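> So I've got this file, target-v7.txt, and it contains compact mmCIF, C-alpha atoms:
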```txt
# COMPACT_ATOMS: atom_id res chain seq x y z
CA MET R 1 -14.69 62.05 43.44
CA PRO R 2 -10.92 62.69 43.03
CA PHE R 3 -9.81 66.26 43.66
CA LYS R 4 -6.64 68.39 43.48
CA LYS R 5 -4.91 70.80 45.80
CA ARG R 6 -3.24 73.93 44.57
CA ASN R 7 0.26 72.86 45.59
CA SER R 8 0.22 69.49 43.79
CA PRO R 9 -0.45 68.31 40.21
CA PHE R 10 -1.55 64.89 41.46
CA TRP R 11 -5.13 63.85 42.14
CA LYS R 12 -6.18 63.17 45.73
CA VAL R 13 -8.85 60.76 46.96
CA ARG R 14 -10.72 60.36 50.23
CA ARG R 15 -13.58 58.15 51.39
CA LYS R 16 -15.26 59.13 54.66
CA LYS R 17 -17.79 56.36 55.23
CA LEU R 18 -16.26 53.08 54.16
CA ARG R 19 -18.21 50.13 55.54
CA GLY R 20 -16.53 48.78 58.65
CA TYR R 21 -13.69 51.29 58.43
CA GLY R 22 -14.74 54.92 58.29
CA ASP R 23 -12.54 57.77 57.03
CA THR R 24 -9.43 57.05 54.95
CA GLY R 25 -8.16 60.60 55.21
CA THR R 26 -6.75 62.41 52.17
CA LEU R 27 -4.53 60.15 50.07
CA SER R 28 -2.33 61.07 47.12
CA THR R 29 -2.79 58.94 44.01
CA GLY R 30 0.56 59.90 42.52
CA THR R 31 -1.09 60.26 39.11
CA VAL R 32 -2.31 63.14 36.95
CA ASP R 33 -4.67 60.78 35.09
CA PHE R 34 -8.23 61.39 36.33
CA SER R 35 -9.60 57.98 35.21
CA GLU R 36 -6.74 56.22 36.98
CA ALA R 37 -7.47 58.21 40.13
CA CYS R 38 -11.14 57.16 39.94
CA LYS R 39 -10.06 53.50 39.84
CA MET R 40 -7.90 54.05 42.91
CA GLU R 41 -10.84 55.60 44.70
CA ASP R 42 -13.01 52.58 43.81
CA LEU R 43 -10.22 50.34 45.09
CA LEU R 44 -10.61 51.85 48.58
CA GLU R 45 -14.17 50.53 48.71
CA GLN R 46 -13.05 47.14 47.40
CA LEU R 47 -10.46 46.87 50.18
CA ALA R 48 -13.13 47.67 52.77
CA ASP R 49 -15.46 45.03 51.29
CA LEU R 50 -12.66 42.45 51.58
CA GLU R 51 -12.05 43.69 55.16
CA TYR R 52 -8.44 44.50 54.28
CA PHE R 53 -8.45 47.32 56.79
CA ASP R 54 -4.74 46.87 57.45
CA LEU R 55 -4.00 47.74 53.81
CA LEU R 56 -6.09 50.89 54.17
CA ASP R 57 -4.07 51.75 57.27
CA ALA R 58 -0.84 51.04 55.37
CA LEU R 59 -1.68 53.83 52.91
CA LYS R 60 -1.41 56.44 55.65
CA PRO R 61 2.03 57.94 56.39
CA GLN R 62 3.25 57.68 59.98
CA ARG R 63 4.64 61.21 59.91
CA ARG R 64 4.06 64.27 57.80
CA GLY R 65 6.12 64.27 54.62
CA GLU R 66 6.58 60.49 54.68
CA THR R 67 4.82 57.84 52.64
CA GLY R 68 2.86 54.87 53.97
CA LEU R 69 3.92 51.23 53.84
CA VAL R 70 2.30 51.01 50.42
CA ASP R 71 0.95 53.46 47.84
CA LEU R 72 -2.22 53.44 45.79
CA LYS R 73 -0.38 52.73 42.52
CA THR R 74 1.12 49.55 43.96
CA LEU R 75 -2.23 48.46 45.36
CA LEU R 76 -4.02 49.09 42.07
CA THR R 77 -1.41 47.08 40.15
CA ALA R 78 -1.77 44.19 42.60
CA ALA R 79 -5.58 44.34 42.34
CA ARG R 80 -5.42 44.25 38.52
CA ARG R 81 -3.21 41.18 38.66
CA GLN R 82 -5.42 39.70 41.39
CA ARG R 83 -2.47 39.55 43.76
CA LEU R 84 -3.72 41.65 46.68
CA LEU R 85 -3.41 38.75 49.11
CA GLU R 86 0.20 38.09 48.18
CA LEU R 87 1.05 41.79 48.48
CA ARG R 88 -0.57 41.89 51.91
CA GLN R 89 1.44 38.84 52.95
CA ARG R 90 4.70 40.49 51.89
CA ILE R 91 3.93 43.74 53.70
CA PHE R 92 2.76 42.40 57.04
CA VAL R 93 4.41 39.01 57.37
CA GLY R 94 7.75 40.11 56.02
CA VAL R 95 8.13 37.23 53.57
CA PRO R 96 9.44 38.75 50.31
CA ASP R 97 8.56 35.75 48.17
CA ALA R 98 5.72 34.22 50.16
CA SER R 99 4.22 31.25 48.34
CA PRO R 100 0.44 30.84 48.07
CA GLU R 101 0.64 27.71 50.28
CA ASP R 102 1.72 29.90 53.20
CA CYS R 103 -1.27 32.24 52.98
CA PRO R 104 -3.92 31.84 55.73
CA LEU R 105 -6.74 29.65 54.43
CA GLU R 106 -9.53 31.92 55.70
CA GLU R 107 -8.02 34.98 54.01
CA VAL R 108 -7.52 33.07 50.77
CA ILE R 109 -11.17 31.94 50.70
CA ARG R 110 -12.55 35.38 51.56
CA SER R 111 -10.27 37.13 49.07
CA PHE R 112 -11.10 34.78 46.21
CA SER R 113 -14.83 35.01 47.00
CA GLY R 114 -14.61 38.70 46.15
CA ILE R 115 -13.27 38.08 42.64
CA CYS R 116 -14.78 34.69 41.72
CA ASN R 117 -17.25 35.24 38.86
CA SER R 118 -18.91 31.82 39.06
CA LYS R 119 -22.23 31.54 40.91
CA ASN R 120 -21.59 27.87 41.74
CA GLY R 121 -18.03 28.71 42.69
CA LYS R 122 -19.15 31.38 45.16
CA LEU R 123 -21.62 28.94 46.72
CA GLY R 124 -18.86 26.35 47.02
CA LEU R 125 -16.56 28.87 48.68
CA ARG R 126 -19.26 29.60 51.26
CA HIS R 127 -19.49 25.87 51.96
CA LEU R 128 -15.69 25.71 52.17
CA LEU R 129 -15.49 28.59 54.64
CA HIS R 130 -18.21 27.06 56.82
CA LEU R 131 -16.63 23.59 56.81
CA THR R 132 -13.08 24.72 57.52
CA VAL R 133 -12.71 27.79 59.72
CA ASP R 134 -16.13 29.32 60.42
CA PRO R 135 -16.83 29.21 64.21
CA THR R 136 -20.40 28.04 63.48
CA GLY R 137 -19.22 25.11 61.37
CA PRO R 138 -17.51 21.78 62.10
CA ARG R 139 -14.01 23.40 61.98
CA LEU R 140 -12.50 20.59 59.91
CA ALA R 141 -9.32 22.63 59.35
CA PRO R 142 -6.91 23.73 62.12
CA GLY R 143 -7.33 27.27 63.43
CA ASP R 144 -4.05 28.36 61.81
CA ALA R 145 -4.69 26.48 58.55
CA ARG R 146 -2.91 27.71 55.43
CA LEU R 147 -3.81 27.17 51.80
CA GLY R 148 -1.39 24.23 51.83
CA TRP R 149 -3.91 22.34 54.02
CA LEU R 150 -6.41 22.39 51.15
CA MET R 151 -3.80 21.03 48.76
CA ILE R 152 -3.77 17.66 50.54
CA PRO R 153 -6.26 15.32 48.78
CA LYS R 154 -7.33 13.52 51.98
CA ASN R 155 -8.39 16.86 53.47
CA ILE R 156 -10.57 17.52 50.43
CA ASP R 157 -12.04 14.02 50.88
CA GLN R 158 -12.89 14.93 54.47
CA LEU R 159 -14.76 18.05 53.35
CA ILE R 160 -16.73 16.15 50.72
CA ALA R 161 -17.57 13.29 53.12
CA HIS R 162 -18.95 15.77 55.65
CA LEU R 163 -21.10 17.56 53.05
CA ARG R 164 -22.48 14.22 51.84
CA LYS R 165 -24.40 13.98 55.11
CA SER R 166 -26.73 16.74 53.95
CA HIS R 167 -26.21 17.22 50.20
CA LYS R 168 -26.57 15.13 47.05
CA GLU R 169 -23.63 14.24 44.85
CA ASN R 170 -24.51 16.65 42.05
CA SER R 171 -25.00 19.44 44.56
CA ILE R 172 -21.53 18.84 46.01
CA LYS R 173 -19.97 18.60 42.55
CA ASN R 174 -21.58 21.85 41.41
CA SER R 175 -20.77 23.81 44.57
CA LEU R 176 -17.97 22.70 46.90
CA TRP R 177 -15.95 20.85 44.25
CA THR R 178 -16.29 23.76 41.81
CA GLY R 179 -15.26 26.28 44.47
CA ILE R 180 -12.18 24.27 45.50
CA SER R 181 -11.22 23.66 41.87
CA LYS R 182 -11.43 27.32 40.87
CA LEU R 183 -9.61 28.48 44.00
CA LEU R 184 -6.72 26.05 43.52
CA GLN R 185 -6.42 26.84 39.82
CA TYR R 186 -6.19 30.53 40.62
CA TYR R 187 -3.50 30.22 43.31
CA VAL R 188 -1.35 27.27 42.18
CA GLY R 189 -2.13 26.95 38.47
CA GLU R 190 -4.40 24.70 36.45
CA GLU R 191 -1.99 21.80 36.00
CA ARG R 192 -1.08 21.52 39.67
CA ALA R 193 -4.71 21.94 40.76
CA ARG R 194 -5.80 19.11 38.48
CA GLY R 195 -3.07 16.89 39.85
CA ILE R 196 -4.34 17.46 43.41
CA LEU R 197 -8.00 16.94 42.51
CA ARG R 198 -7.27 13.74 40.57
CA GLN R 199 -6.22 12.17 43.86
CA ALA R 200 -9.33 13.35 45.72
CA ASP R 201 -12.71 11.63 45.94
CA ARG R 202 -14.54 13.47 43.18
CA PRO R 203 -18.34 13.53 43.64
CA HIS R 204 -20.19 11.34 41.16
CA GLU R 205 -21.04 12.97 37.86
CA LYS R 206 -24.57 11.57 37.92
CA ASP R 207 -26.99 11.46 40.79
CA ALA R 208 -29.86 9.65 39.08
CA ARG R 209 -32.00 7.25 41.07
CA GLU R 210 -34.27 4.59 39.59
CA ILE R 211 -37.96 5.22 40.09
CA SER R 212 -40.21 2.22 39.54
CA THR R 213 -43.93 2.47 38.86
CA THR R 214 -46.29 -0.48 38.69
CA ALA R 215 -48.59 -0.97 35.70
CA LEU R 216 -51.63 -0.33 37.92
CA GLU R 217 -50.17 2.95 39.24
CA LEU R 218 -49.37 4.10 35.71
CA HIS R 219 -52.86 3.14 34.53
CA ARG R 220 -54.49 5.17 37.32
CA LEU R 221 -52.23 8.14 36.62
CA ILE R 222 -53.03 8.22 32.90
CA ASN R 223 -56.77 7.78 33.45
CA SER R 224 -56.82 10.80 35.79
CA MET R 225 -55.40 13.08 33.07
CA GLU R 226 -57.04 15.17 30.41
CA PHE R 227 -56.95 13.62 26.95
CA GLU R 228 -54.09 15.79 25.69
CA MET R 229 -51.88 14.94 28.68
CA ARG R 230 -52.70 11.25 28.37
CA MET R 231 -51.24 11.11 24.89
CA PHE R 232 -48.17 13.10 25.91
CA THR R 233 -47.52 10.82 28.90
CA ILE R 234 -47.93 7.63 26.90
CA LEU R 235 -45.60 8.82 24.13
CA ALA R 236 -43.05 10.06 26.65
CA ALA R 237 -43.18 6.74 28.53
CA PHE R 238 -42.05 5.00 25.33
CA GLY R 239 -38.94 7.18 25.28
CA ILE R 240 -39.95 9.42 22.39
CA ASP R 241 -38.15 12.79 22.37
CA LYS R 242 -40.28 15.51 23.97
CA SER R 243 -39.55 18.17 21.33
CA PRO R 244 -41.68 16.63 18.53
CA ILE R 245 -44.32 15.59 21.10
CA LEU R 246 -44.78 19.21 22.16
CA LYS R 247 -45.46 20.17 18.54
CA LEU R 248 -48.46 17.81 18.31
CA ARG R 249 -52.00 19.16 18.53
CA VAL R 250 -55.31 17.56 19.55
CA ARG R 251 -56.38 17.37 15.90
CA ASP R 252 -53.39 15.11 15.21
CA PHE R 253 -54.98 12.27 17.27
CA ASP R 254 -57.87 9.97 16.59
CA ARG R 255 -59.81 9.83 19.88
CA LEU R 256 -61.40 6.49 19.02
CA THR R 257 -58.32 4.53 17.99
CA TRP R 258 -55.76 6.55 19.97
CA LYS R 259 -53.60 6.78 16.89
CA LEU R 260 -51.90 9.66 15.16
CA SER R 261 -54.00 10.67 12.19
```
Using the file provided, produce a representation of the structure as structure tokens.


Amino acid sequence: MPFKKRNSPFWKVRRKKLRGYGDTGTLSTGTVDFSEACKMEDLLEQLADLEYFDLLDALKPQRRGETGLVDLKTLLTAARRQRLLELRQRIFVGVPDASPEDCPLEEVIRSFSGICNSKNGKLGLRHLLHLTVDPTGPRLAPGDARLGWLMIPKNIDQLIAHLRKSHKENSIKNSLWTGISKLLQYYVGEERARGILRQADRPHEKDAREISTTALELHRLINSMEFEMRMFTILAAFGIDKSPILKLRVRDFDRLTWKLS
């Protein structure tokens, strides 16, 4: 909970047990707005979840009376605009106008995973991380890969081809392809992302396989069913929509003639 000291009108925040980090120490929010200070305090936990421990360190002044490399207001603004990764790049790499293509691929994936609101997208990002840079995966991307590596269509083809060894087309389309698409749209814009993906080997939209059944097999199947299921199966086999079939009742059938009464 934000608190104040007698000698300052600004709210202070401090988190002592951040996962993987520990104590942040007392930090000034630079604001007299309590709700804004609460959001800054929540941001500290978000940074720890993203493992942006260097940004937490950057909040701390090197000497008394000085400010850190960044302040909480700047961090909160960057988080609202979903630009934390770019801010981090500017602070620690020293590139004032660093482009998204120059950002480390692993950091981009992990950062976007924290803000992606699509279940399929998150699953695809896990696949992407495993396929590219995870030590337990095939390491299809170079160790120092940047986001620019993922913007080359043939590299996307390589990822999809590898996942095809263990996943169906629809599964790839709904996970890996979705994750890559959403990530690229976020960092380089929708139009540019679509241009890249148009050149890649998009997984097939349909993954249907023909299943053939002999007349004898179908006859045995129907005979093994209860009467009600027999009628449903026969009607469904003729391609009749299931919705009206499900509304039928036993009294609607003539058991002797097998006709609708």

> Would you pick out the contacts of range 176-192 of chain R at 7 Å or less, using all atoms listed in the file, so that residues sharing its chain but fewer than 6 positions from it are not included, and give the list as a PyMOL selection string?

chain R and resi 100+112+120-122+124-125+127-128

> I'd like the interatomic distance between CA of His130 in chain R and CA of His162 in chain R, to a tenth of an Å.

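Going from CA of His130 in chain R over to CA of His162 in chain R, I get 11.4 Å.
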
> Rank R:Leu18, R:Val108, R:Met151, R:Ala48 by their smallest atom-to-atom distance to Ala200 in chain R, using all atoms listed in the file, and report the top residue only.

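Between R:Leu18, R:Val108, R:Met151, R:Ala48, the residue approaching Ala200 in chain R most closely is R:Met151.
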
> For CA of Leu129 in chain R and CA of Lys165 in chain R, quote the distance in Å rounded to one decimal.

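Computed distance, CA of Leu129 in chain R to CA of Lys165 in chain R, equals 17.1 Å.
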
> Using only C-alpha atoms for the distances, tell me which of R:Ala215, R:Arg81, R:Tyr52, R:Pro142 is nearest to Glu107 in chain R.

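Nearest candidate to Glu107 in chain R out of R:Ala215, R:Arg81, R:Tyr52, R:Pro142: R:Tyr52.
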
> Distance CA of Phe10 in chain R-CA of Gly30 in chain R, one decimal place?

5.5 Å

> Write out as a PDB file with C-alpha atoms, keeping the file's coordinate frame the residues lying within 9 Å of Met40 in chain R, counting all atoms listed in the file and excluding same-chain residues fewer than 2 positions away.


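result.pdb, written as the output of this step:
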```
ATOM      1  CA  VAL R  13      -8.850  60.760  46.960  1.00  0.00           C
ATOM      2  CA  THR R  29      -2.790  58.940  44.010  1.00  0.00           C
ATOM      3  CA  SER R  35      -9.600  57.980  35.210  1.00  0.00           C
ATOM      4  CA  GLU R  36      -6.740  56.220  36.980  1.00  0.00           C
ATOM      5  CA  ALA R  37      -7.470  58.210  40.130  1.00  0.00           C
ATOM      6  CA  CYS R  38     -11.140  57.160  39.940  1.00  0.00           C
ATOM      7  CA  ASP R  42     -13.010  52.580  43.810  1.00  0.00           C
ATOM      8  CA  LEU R  43     -10.220  50.340  45.090  1.00  0.00           C
ATOM      9  CA  LEU R  44     -10.610  51.850  48.580  1.00  0.00           C
ATOM     10  CA  LEU R  72      -2.220  53.440  45.790  1.00  0.00           C
ATOM     11  CA  LYS R  73      -0.380  52.730  42.520  1.00  0.00           C
ATOM     12  CA  LEU R  75      -2.230  48.460  45.360  1.00  0.00           C
ATOM     13  CA  LEU R  76      -4.020  49.090  42.070  1.00  0.00           C
TER      14      LEU R  76
END
```

> Which residue is closest to Glu51 in chain R? Choose from R:Leu85, R:Pro153, R:His219, R:Val70 and count all atoms listed in the file.

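Using all atoms listed in the file, Glu51 in chain R sits closest to R:Leu85.
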
> If we count all atoms listed in the file and set the cut-off at 7 Å, which residues sit around Leu87 in chain R, ignoring sequence neighbours fewer than 4 positions away in its own chain? Please answer as a PyMOL selection string.

chain R and resi 78+83+91

> Would you list the contacts of Ile160 in chain R as an mmCIF file with C-alpha atoms, in the frame of the given file, taking every protein, DNA or RNA residue within 10 Å and counting all atoms listed in the file, but skipping same-chain residues closer than 2 positions in sequence?


```
data_model
loop_
_atom_site.group_PDB
_atom_site.id
_atom_site.type_symbol
_atom_site.label_atom_id
_atom_site.label_comp_id
_atom_site.auth_asym_id
_atom_site.auth_seq_id
_atom_site.Cartn_x
_atom_site.Cartn_y
_atom_site.Cartn_z
ATOM 1 C CA LEU R 128 -15.690 25.710 52.170
ATOM 2 C CA LEU R 131 -16.630 23.590 56.810
ATOM 3 C CA LYS R 154 -7.330 13.520 51.980
ATOM 4 C CA ASN R 155 -8.390 16.860 53.470
ATOM 5 C CA ILE R 156 -10.570 17.520 50.430
ATOM 6 C CA ASP R 157 -12.040 14.020 50.880
ATOM 7 C CA GLN R 158 -12.890 14.930 54.470
ATOM 8 C CA HIS R 162 -18.950 15.770 55.650
ATOM 9 C CA LEU R 163 -21.100 17.560 53.050
ATOM 10 C CA ARG R 164 -22.480 14.220 51.840
ATOM 11 C CA LYS R 165 -24.400 13.980 55.110
ATOM 12 C CA HIS R 167 -26.210 17.220 50.200
ATOM 13 C CA GLU R 169 -23.630 14.240 44.850
ATOM 14 C CA ILE R 172 -21.530 18.840 46.010
ATOM 15 C CA LYS R 173 -19.970 18.600 42.550
ATOM 16 C CA LEU R 176 -17.970 22.700 46.900
ATOM 17 C CA TRP R 177 -15.950 20.850 44.250
ATOM 18 C CA ALA R 200 -9.330 13.350 45.720
ATOM 19 C CA ASP R 201 -12.710 11.630 45.940
ATOM 20 C CA ARG R 202 -14.540 13.470 43.180
ATOM 21 C CA PRO R 203 -18.340 13.530 43.640
#
```

> Just checking: using all atoms listed in the file, which residue out of R:Leu27, R:Ala193, R:Leu84, R:Ala79 ends up closest to Lys60 in chain R?

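Ranked by minimum distance to Lys60 in chain R, first place goes to R:Leu27.
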
> Leaving out Trp11 in chain R and any residue of its chain fewer than 2 positions from it, which residues lie within 8 Å of it when counting all atoms listed in the file, given as JSON, numbers by chain?

{"R": [2, 3, 4, 5, 8, 9, 13, 28, 29, 30, 31, 32, 33, 34, 37]}

> Could you pull out every residue with an atom within 12 Å of (-7.4, 60.4, 57.3), file coordinates, counting all atoms listed in the file, and send them as JSON, numbers by chain?

{"R": [12, 13, 14, 15, 16, 17, 18, 21, 22, 23, 24, 25, 26, 27, 28, 56, 57, 58, 59, 60, 61, 62]}

> I need the residue nearest Asp144 in chain R from this list: R:Glu86, R:Glu217, R:Asp252, R:Glu106. Use all atoms listed in the file for the distance.

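Once distances to Asp144 in chain R are computed over all atoms listed in the file, the minimum belongs to R:Glu106.
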
> Quick one: of R:Ile234, R:Ile152, R:Met225, R:Ile115, who's nearest to Leu197 in chain R, counting only C-alpha atoms?

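When distances to Leu197 in chain R are compared using only C-alpha atoms, the smallest one comes from R:Ile152.
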
> How about completing range 15-26 of chain R with all heavy atoms and giving it to me as a compact mmCIF listing (two decimals), keeping the file's coordinate frame?


```txt
# COMPACT_ATOMS: atom_id res chain seq x y z
N ARG R 15 -12.27 58.73 51.14
CA ARG R 15 -13.58 58.15 51.39
C ARG R 15 -13.85 58.26 52.89
O ARG R 15 -13.06 57.78 53.69
CB ARG R 15 -13.64 56.69 50.94
CG ARG R 15 -13.47 56.50 49.44
CD ARG R 15 -14.59 57.18 48.65
NE ARG R 15 -15.88 56.63 48.97
CZ ARG R 15 -16.42 55.58 48.33
NH1 ARG R 15 -15.74 55.00 47.34
NH2 ARG R 15 -17.60 55.14 48.67
N LYS R 16 -14.99 58.86 53.25
CA LYS R 16 -15.26 59.13 54.66
C LYS R 16 -16.10 58.07 55.35
O LYS R 16 -16.08 57.96 56.57
CB LYS R 16 -15.97 60.49 54.79
CG LYS R 16 -15.10 61.68 54.40
CD LYS R 16 -15.82 62.98 54.67
CE LYS R 16 -14.93 64.17 54.32
NZ LYS R 16 -15.61 65.47 54.61
N LYS R 17 -16.87 57.30 54.61
CA LYS R 17 -17.79 56.36 55.23
C LYS R 17 -17.66 54.96 54.64
O LYS R 17 -18.64 54.36 54.21
CB LYS R 17 -19.23 56.85 55.09
CG LYS R 17 -19.50 58.17 55.83
CD LYS R 17 -20.95 58.59 55.68
CE LYS R 17 -21.22 59.89 56.41
NZ LYS R 17 -22.63 60.34 56.28
N LEU R 18 -16.46 54.44 54.64
CA LEU R 18 -16.26 53.08 54.16
C LEU R 18 -16.83 52.10 55.17
O LEU R 18 -16.62 52.24 56.38
CB LEU R 18 -14.76 52.79 53.96
CG LEU R 18 -14.12 53.41 52.71
CD1 LEU R 18 -12.65 53.05 52.67
CD2 LEU R 18 -14.82 52.96 51.45
N ARG R 19 -17.55 51.10 54.66
CA ARG R 19 -18.21 50.13 55.54
C ARG R 19 -17.19 49.40 56.41
O ARG R 19 -16.25 48.79 55.93
CB ARG R 19 -18.98 49.11 54.70
CG ARG R 19 -19.79 48.10 55.49
CD ARG R 19 -20.66 47.27 54.56
NE ARG R 19 -19.85 46.51 53.62
CZ ARG R 19 -19.32 45.32 53.89
NH1 ARG R 19 -19.51 44.77 55.07
NH2 ARG R 19 -18.62 44.67 52.97
N GLY R 20 -17.40 49.47 57.72
CA GLY R 20 -16.53 48.78 58.65
C GLY R 20 -15.22 49.49 58.93
O GLY R 20 -14.42 49.01 59.74
N TYR R 21 -14.98 50.61 58.27
CA TYR R 21 -13.69 51.29 58.43
C TYR R 21 -13.83 52.76 58.80
O TYR R 21 -13.25 53.23 59.77
CB TYR R 21 -12.87 51.16 57.15
CG TYR R 21 -11.46 51.73 57.28
CD1 TYR R 21 -10.47 51.01 57.93
CD2 TYR R 21 -11.15 52.98 56.75
CE1 TYR R 21 -9.18 51.52 58.06
CE2 TYR R 21 -9.87 53.49 56.86
CZ TYR R 21 -8.88 52.76 57.53
OH TYR R 21 -7.62 53.29 57.66
N GLY R 22 -14.60 53.50 58.02
CA GLY R 22 -14.74 54.92 58.29
C GLY R 22 -13.96 55.79 57.32
O GLY R 22 -13.98 55.56 56.11
N ASP R 23 -13.22 56.75 57.84
CA ASP R 23 -12.54 57.77 57.03
C ASP R 23 -11.12 57.34 56.67
O ASP R 23 -10.33 56.95 57.54
CB ASP R 23 -12.50 59.08 57.83
CG ASP R 23 -12.06 60.27 56.98
OD1 ASP R 23 -11.59 60.06 55.85
OD2 ASP R 23 -12.20 61.40 57.46
N THR R 24 -10.79 57.40 55.39
CA THR R 24 -9.43 57.05 54.95
C THR R 24 -8.46 58.21 55.13
O THR R 24 -7.25 58.03 55.12
CB THR R 24 -9.42 56.65 53.46
OG1 THR R 24 -9.82 57.78 52.67
CG2 THR R 24 -10.36 55.49 53.21
N GLY R 25 -9.02 59.42 55.25
CA GLY R 25 -8.16 60.60 55.21
C GLY R 25 -7.79 60.91 53.76
O GLY R 25 -8.08 60.13 52.85
N THR R 26 -7.14 62.01 53.52
CA THR R 26 -6.75 62.41 52.17
C THR R 26 -5.51 61.62 51.74
O THR R 26 -4.50 61.59 52.44
CB THR R 26 -6.44 63.91 52.10
OG1 THR R 26 -7.62 64.64 52.47
CG2 THR R 26 -6.02 64.33 50.70
```
